[in-house]
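The data block below is upload-v2.pdb; it holds PDB, C-alpha atoms.
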```pdb
ATOM      1  CA  MET A  19      10.506  24.672 -23.174
ATOM      2  CA  GLY A  20       8.467  24.197 -19.983
ATOM      3  CA  LYS A  21       9.676  22.594 -16.808
ATOM      4  CA  ILE A  22       8.798  18.984 -16.155
ATOM      5  CA  LYS A  23       6.325  18.893 -13.271
ATOM      6  CA  VAL A  24       5.693  15.179 -12.875
ATOM      7  CA  VAL A  25       7.428  12.002 -13.929
ATOM      8  CA  SER A  26       5.467   8.847 -13.264
ATOM      9  CA  PHE A  27       6.587   5.263 -13.592
ATOM     10  CA  ASP A  28       4.395   2.208 -13.542
ATOM     11  CA  VAL A  29       6.815  -0.132 -11.831
ATOM     12  CA  GLU A  30       4.475  -3.097 -11.412
ATOM     13  CA  GLY A  31       6.290  -6.009 -12.959
ATOM     14  CA  THR A  32       9.284  -3.843 -13.883
ATOM     15  CA  LEU A  33      10.928  -2.890 -10.601
ATOM     16  CA  VAL A  34       8.643  -4.769  -8.223
ATOM     17  CA  THR A  35       6.683  -7.971  -8.566
ATOM     18  CA  PRO A  36       2.919  -8.225  -8.153
ATOM     19  CA  ASP A  37       3.672 -10.145  -4.941
ATOM     20  CA  PHE A  38       5.236  -6.982  -3.537
ATOM     21  CA  SER A  39       2.132  -4.900  -4.276
ATOM     22  CA  ARG A  40      -0.171  -7.536  -2.825
ATOM     23  CA  ALA A  41       1.967  -7.617   0.316
ATOM     24  CA  VAL A  42       1.470  -3.886   0.827
ATOM     25  CA  TRP A  43      -2.133  -3.368  -0.285
ATOM     26  CA  TYR A  44      -3.750  -6.680   0.649
ATOM     27  CA  GLU A  45      -1.698  -7.788   3.638
ATOM     28  CA  GLY A  46       0.103  -4.813   5.192
ATOM     29  CA  ILE A  47      -2.695  -2.265   5.254
ATOM     30  CA  PRO A  48      -5.433  -4.752   6.261
ATOM     31  CA  SER A  49      -3.183  -6.104   9.016
ATOM     32  CA  LEU A  50      -2.630  -2.634  10.457
ATOM     33  CA  TYR A  51      -6.344  -1.850  10.132
ATOM     34  CA  ALA A  52      -7.251  -5.072  11.962
ATOM     35  CA  LYS A  53      -4.885  -4.276  14.826
ATOM     36  CA  ARG A  54      -6.105  -0.690  15.092
ATOM     37  CA  ASN A  55      -9.774  -1.718  15.204
ATOM     38  CA  GLY A  56      -9.525  -4.976  17.144
ATOM     39  CA  ILE A  57     -11.025  -7.096  14.367
ATOM     40  CA  SER A  58      -9.859 -10.184  12.514
ATOM     41  CA  PHE A  59      -7.513  -9.884   9.570
ATOM     42  CA  GLU A  60     -10.144 -11.420   7.277
ATOM     43  CA  GLU A  61     -12.770  -8.867   8.317
ATOM     44  CA  ALA A  62     -10.296  -6.009   7.937
ATOM     45  CA  ARG A  63      -9.171  -7.213   4.534
ATOM     46  CA  SER A  64     -12.759  -7.412   3.335
ATOM     47  CA  MET A  65     -13.486  -3.880   4.560
ATOM     48  CA  VAL A  66     -10.284  -2.485   3.054
ATOM     49  CA  GLU A  67     -10.917  -4.160  -0.304
ATOM     50  CA  ASP A  68     -14.454  -2.745  -0.369
ATOM     51  CA  CYS A  69     -13.003   0.740   0.119
ATOM     52  CA  TYR A  70     -10.468   0.156  -2.659
ATOM     53  CA  LEU A  71     -13.290  -0.808  -5.022
ATOM     54  CA  LYS A  72     -15.386   2.239  -4.083
ATOM     55  CA  VAL A  73     -12.510   4.590  -4.902
ATOM     56  CA  GLY A  74     -11.528   2.706  -8.056
ATOM     57  CA  ASP A  75      -8.218   2.591  -9.850
ATOM     58  CA  GLN A  76      -9.081   5.506 -12.121
ATOM     59  CA  ARG A  77      -8.663   8.021  -9.312
ATOM     60  CA  ARG A  78      -5.321   9.368  -8.171
ATOM     61  CA  GLU A  79      -6.096   8.437  -4.553
ATOM     62  CA  TRP A  80      -6.011   4.751  -5.483
ATOM     63  CA  TYR A  81      -2.223   4.945  -5.746
ATOM     64  CA  ASP A  82      -1.552   7.247  -2.777
ATOM     65  CA  ILE A  83      -0.617   5.263   0.307
ATOM     66  CA  LYS A  84      -0.906   8.366   2.518
ATOM     67  CA  TYR A  85      -4.508   8.775   1.369
ATOM     68  CA  TRP A  86      -5.311   5.233   2.534
ATOM     69  CA  PHE A  87      -3.548   5.698   5.853
ATOM     70  CA  GLN A  88      -5.649   8.813   6.448
ATOM     71  CA  ARG A  89      -8.835   7.139   5.254
ATOM     72  CA  PHE A  90      -8.329   4.182   7.587
ATOM     73  CA  GLN A  91      -6.961   6.422  10.370
ATOM     74  CA  LEU A  92      -3.797   4.376  10.657
ATOM     75  CA  GLY A  93      -1.514   7.269  11.594
ATOM     76  CA  GLU A  94       1.992   8.271  10.638
ATOM     77  CA  ALA A  95       3.639   5.796  13.038
ATOM     78  CA  ARG A  96       1.968   2.874  11.287
ATOM     79  CA  LEU A  97       2.975   4.273   7.904
ATOM     80  CA  GLN A  98       6.588   4.229   9.086
ATOM     81  CA  VAL A  99       6.201   0.608  10.223
ATOM     82  CA  LEU A 100       4.849  -0.372   6.802
ATOM     83  CA  LYS A 101       7.669   1.511   5.064
ATOM     84  CA  GLU A 102      10.193  -0.441   7.111
ATOM     85  CA  GLN A 103       8.466  -3.713   6.246
ATOM     86  CA  VAL A 104       8.445  -2.759   2.564
ATOM     87  CA  THR A 105      12.128  -1.819   2.681
ATOM     88  CA  ASN A 106      12.958  -5.209   4.192
ATOM     89  CA  LEU A 107      10.886  -6.927   1.518
ATOM     90  CA  VAL A 108      12.726  -5.031  -1.240
ATOM     91  CA  PHE A 109      16.086  -6.099   0.182
ATOM     92  CA  GLN A 110      14.909  -9.716   0.315
ATOM     93  CA  LEU A 111      13.746  -9.552  -3.309
ATOM     94  CA  VAL A 112      17.062  -8.047  -4.428
ATOM     95  CA  ILE A 113      19.064 -10.671  -2.558
ATOM     96  CA  GLU A 114      16.948 -13.498  -3.991
ATOM     97  CA  SER A 115      17.336 -12.293  -7.598
TER      98      SER A 115
END
```
Translate the structure of the given file into structure tokens.
Amino acid sequence: MGKIKVVSFDVEGTLVTPDFSRAVWYEGIPSLYAKRNGISFEEARSMVEDCYLKVGDQRREWYDIKYWFQRFQLGEARLQVLKEQVTNLVFQLVIES
């Protein structure tokens, strides 16, 4: 029997709510992009969403947060900030449930 190389879980709606995903992909990343580039949140969100659509959800990159941080040149420090925000959000969701 071969070794298992990858185990993948689609946790949307199971372990996290859609609100959680929207907070990361449509608020967190655009907010960081806006700050990095000195543009409004609305402009950043529009640009980020356009990039999401160009890549499409059929490609592996769509789901790789490090890919997006590299693509938008947000840097490792900003990734850590978003991870901390996400961790806090998870704790809030657990406490509320």
Handout entry: Ground truth for the PyMOL selection byres ((chain A and resi 50) around 10), written as a list in words
Key =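 This file gives the following for the PyMOL selection byres ((chain A and resi 50) around 10): Glu45, Gly46, Ile47, Pro48, Ser49, Tyr51, Ala52, Lys53, Arg54, Asn55, Gly56, Phe59, Ala62, Arg63, Phe87, Phe90, Leu92, Arg96, Leu97, Val99 and Leu100 of chain A.
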Completion exercise
As a check of understanding: the span from CA of Glu114 (chain A) to CA of Tyr81 (chain A) is 26.7 Å
Exercise for the section: Record the distance separating CA of Ile83 (chain A) and CA of Leu107 (chain A), expressed in Å with one decimal. Expected result: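 These two atoms are separated by 16.8 Å.
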Handout entry: d(CA of Glu67 (chain A), CA of Gln110 (chain A)) in Å
Key =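 Taking CA of Glu67 (chain A) as the start and CA of Gln110 (chain A) as the end point, the length is 26.4 Å.
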Region 45-109 of chain A from the block above: C-alpha atoms written as an mmCIF file, in the first residue's frame:
```
data_model
loop_
_atom_site.group_PDB
_atom_site.id
_atom_site.type_symbol
_atom_site.label_atom_id
_atom_site.label_comp_id
_atom_site.auth_asym_id
_atom_site.auth_seq_id
_atom_site.Cartn_x
_atom_site.Cartn_y
_atom_site.Cartn_z
ATOM 1 C CA GLU A 45 -11.491 42.157 3.487
ATOM 2 C CA GLY A 46 -8.099 41.142 4.892
ATOM 3 C CA ILE A 47 -6.089 40.841 1.698
ATOM 4 C CA PRO A 48 -7.643 43.907 -0.002
ATOM 5 C CA SER A 49 -7.071 45.942 3.163
ATOM 6 C CA LEU A 50 -3.388 45.023 3.255
ATOM 7 C CA TYR A 51 -3.076 45.683 -0.485
ATOM 8 C CA ALA A 52 -4.684 49.118 -0.080
ATOM 9 C CA LYS A 53 -2.294 50.062 2.719
ATOM 10 C CA ARG A 54 0.740 48.808 0.810
ATOM 11 C CA ASN A 55 -0.173 50.745 -2.344
ATOM 12 C CA GLY A 56 -1.703 53.872 -0.821
ATOM 13 C CA ILE A 57 -5.091 53.386 -2.476
ATOM 14 C CA SER A 58 -8.636 53.172 -1.165
ATOM 15 C CA PHE A 59 -10.001 49.909 0.157
ATOM 16 C CA GLU A 60 -12.676 49.891 -2.559
ATOM 17 C CA GLU A 61 -10.092 50.279 -5.328
ATOM 18 C CA ALA A 62 -7.886 47.596 -3.793
ATOM 19 C CA ARG A 63 -10.787 45.208 -3.381
ATOM 20 C CA SER A 64 -11.777 45.667 -7.009
ATOM 21 C CA MET A 65 -8.215 45.005 -8.185
ATOM 22 C CA VAL A 66 -7.825 41.967 -5.931
ATOM 23 C CA GLU A 67 -11.152 40.489 -7.039
ATOM 24 C CA ASP A 68 -10.169 40.952 -10.690
ATOM 25 C CA CYS A 69 -6.988 38.971 -10.021
ATOM 26 C CA TYR A 70 -8.970 36.234 -8.270
ATOM 27 C CA LEU A 71 -11.227 35.927 -11.319
ATOM 28 C CA LYS A 72 -8.278 35.790 -13.736
ATOM 29 C CA VAL A 73 -6.723 32.892 -11.824
ATOM 30 C CA GLY A 74 -10.042 31.105 -11.320
ATOM 31 C CA ASP A 75 -11.046 28.604 -8.689
ATOM 32 C CA GLN A 76 -10.008 25.622 -10.794
ATOM 33 C CA ARG A 77 -6.320 26.310 -10.233
ATOM 34 C CA ARG A 78 -4.436 25.286 -7.120
ATOM 35 C CA GLU A 79 -3.140 28.843 -6.645
ATOM 36 C CA TRP A 80 -6.681 30.042 -5.953
ATOM 37 C CA TYR A 81 -6.531 28.387 -2.533
ATOM 38 C CA ASP A 82 -2.914 29.221 -1.643
ATOM 39 C CA ILE A 83 -2.720 32.313 0.532
ATOM 40 C CA LYS A 84 1.077 32.481 0.132
ATOM 41 C CA TYR A 85 0.612 32.662 -3.638
ATOM 42 C CA TRP A 86 -1.638 35.718 -3.241
ATOM 43 C CA PHE A 87 0.722 37.402 -0.805
ATOM 44 C CA GLN A 88 3.528 36.964 -3.336
ATOM 45 C CA ARG A 89 1.353 38.064 -6.240
ATOM 46 C CA PHE A 90 0.304 41.243 -4.443
ATOM 47 C CA GLN A 91 3.789 41.718 -2.937
ATOM 48 C CA LEU A 92 2.404 41.892 0.575
ATOM 49 C CA GLY A 93 5.392 40.272 2.280
ATOM 50 C CA GLU A 94 5.791 37.757 5.060
ATOM 51 C CA ALA A 95 5.217 40.326 7.829
ATOM 52 C CA ARG A 96 1.760 41.116 6.480
ATOM 53 C CA LEU A 97 0.988 37.411 6.175
ATOM 54 C CA GLN A 98 1.771 37.057 9.878
ATOM 55 C CA VAL A 99 -0.544 39.983 10.675
ATOM 56 C CA LEU A 100 -3.367 38.346 8.716
ATOM 57 C CA LYS A 101 -2.725 35.007 10.436
ATOM 58 C CA GLU A 102 -3.043 36.716 13.805
ATOM 59 C CA GLN A 103 -6.277 38.393 12.726
ATOM 60 C CA VAL A 104 -7.623 35.059 11.486
ATOM 61 C CA THR A 105 -6.648 33.340 14.734
ATOM 62 C CA ASN A 106 -8.513 35.999 16.714
ATOM 63 C CA LEU A 107 -11.536 35.583 14.459
ATOM 64 C CA VAL A 108 -11.508 31.801 14.985
ATOM 65 C CA PHE A 109 -11.433 32.264 18.757
#
```
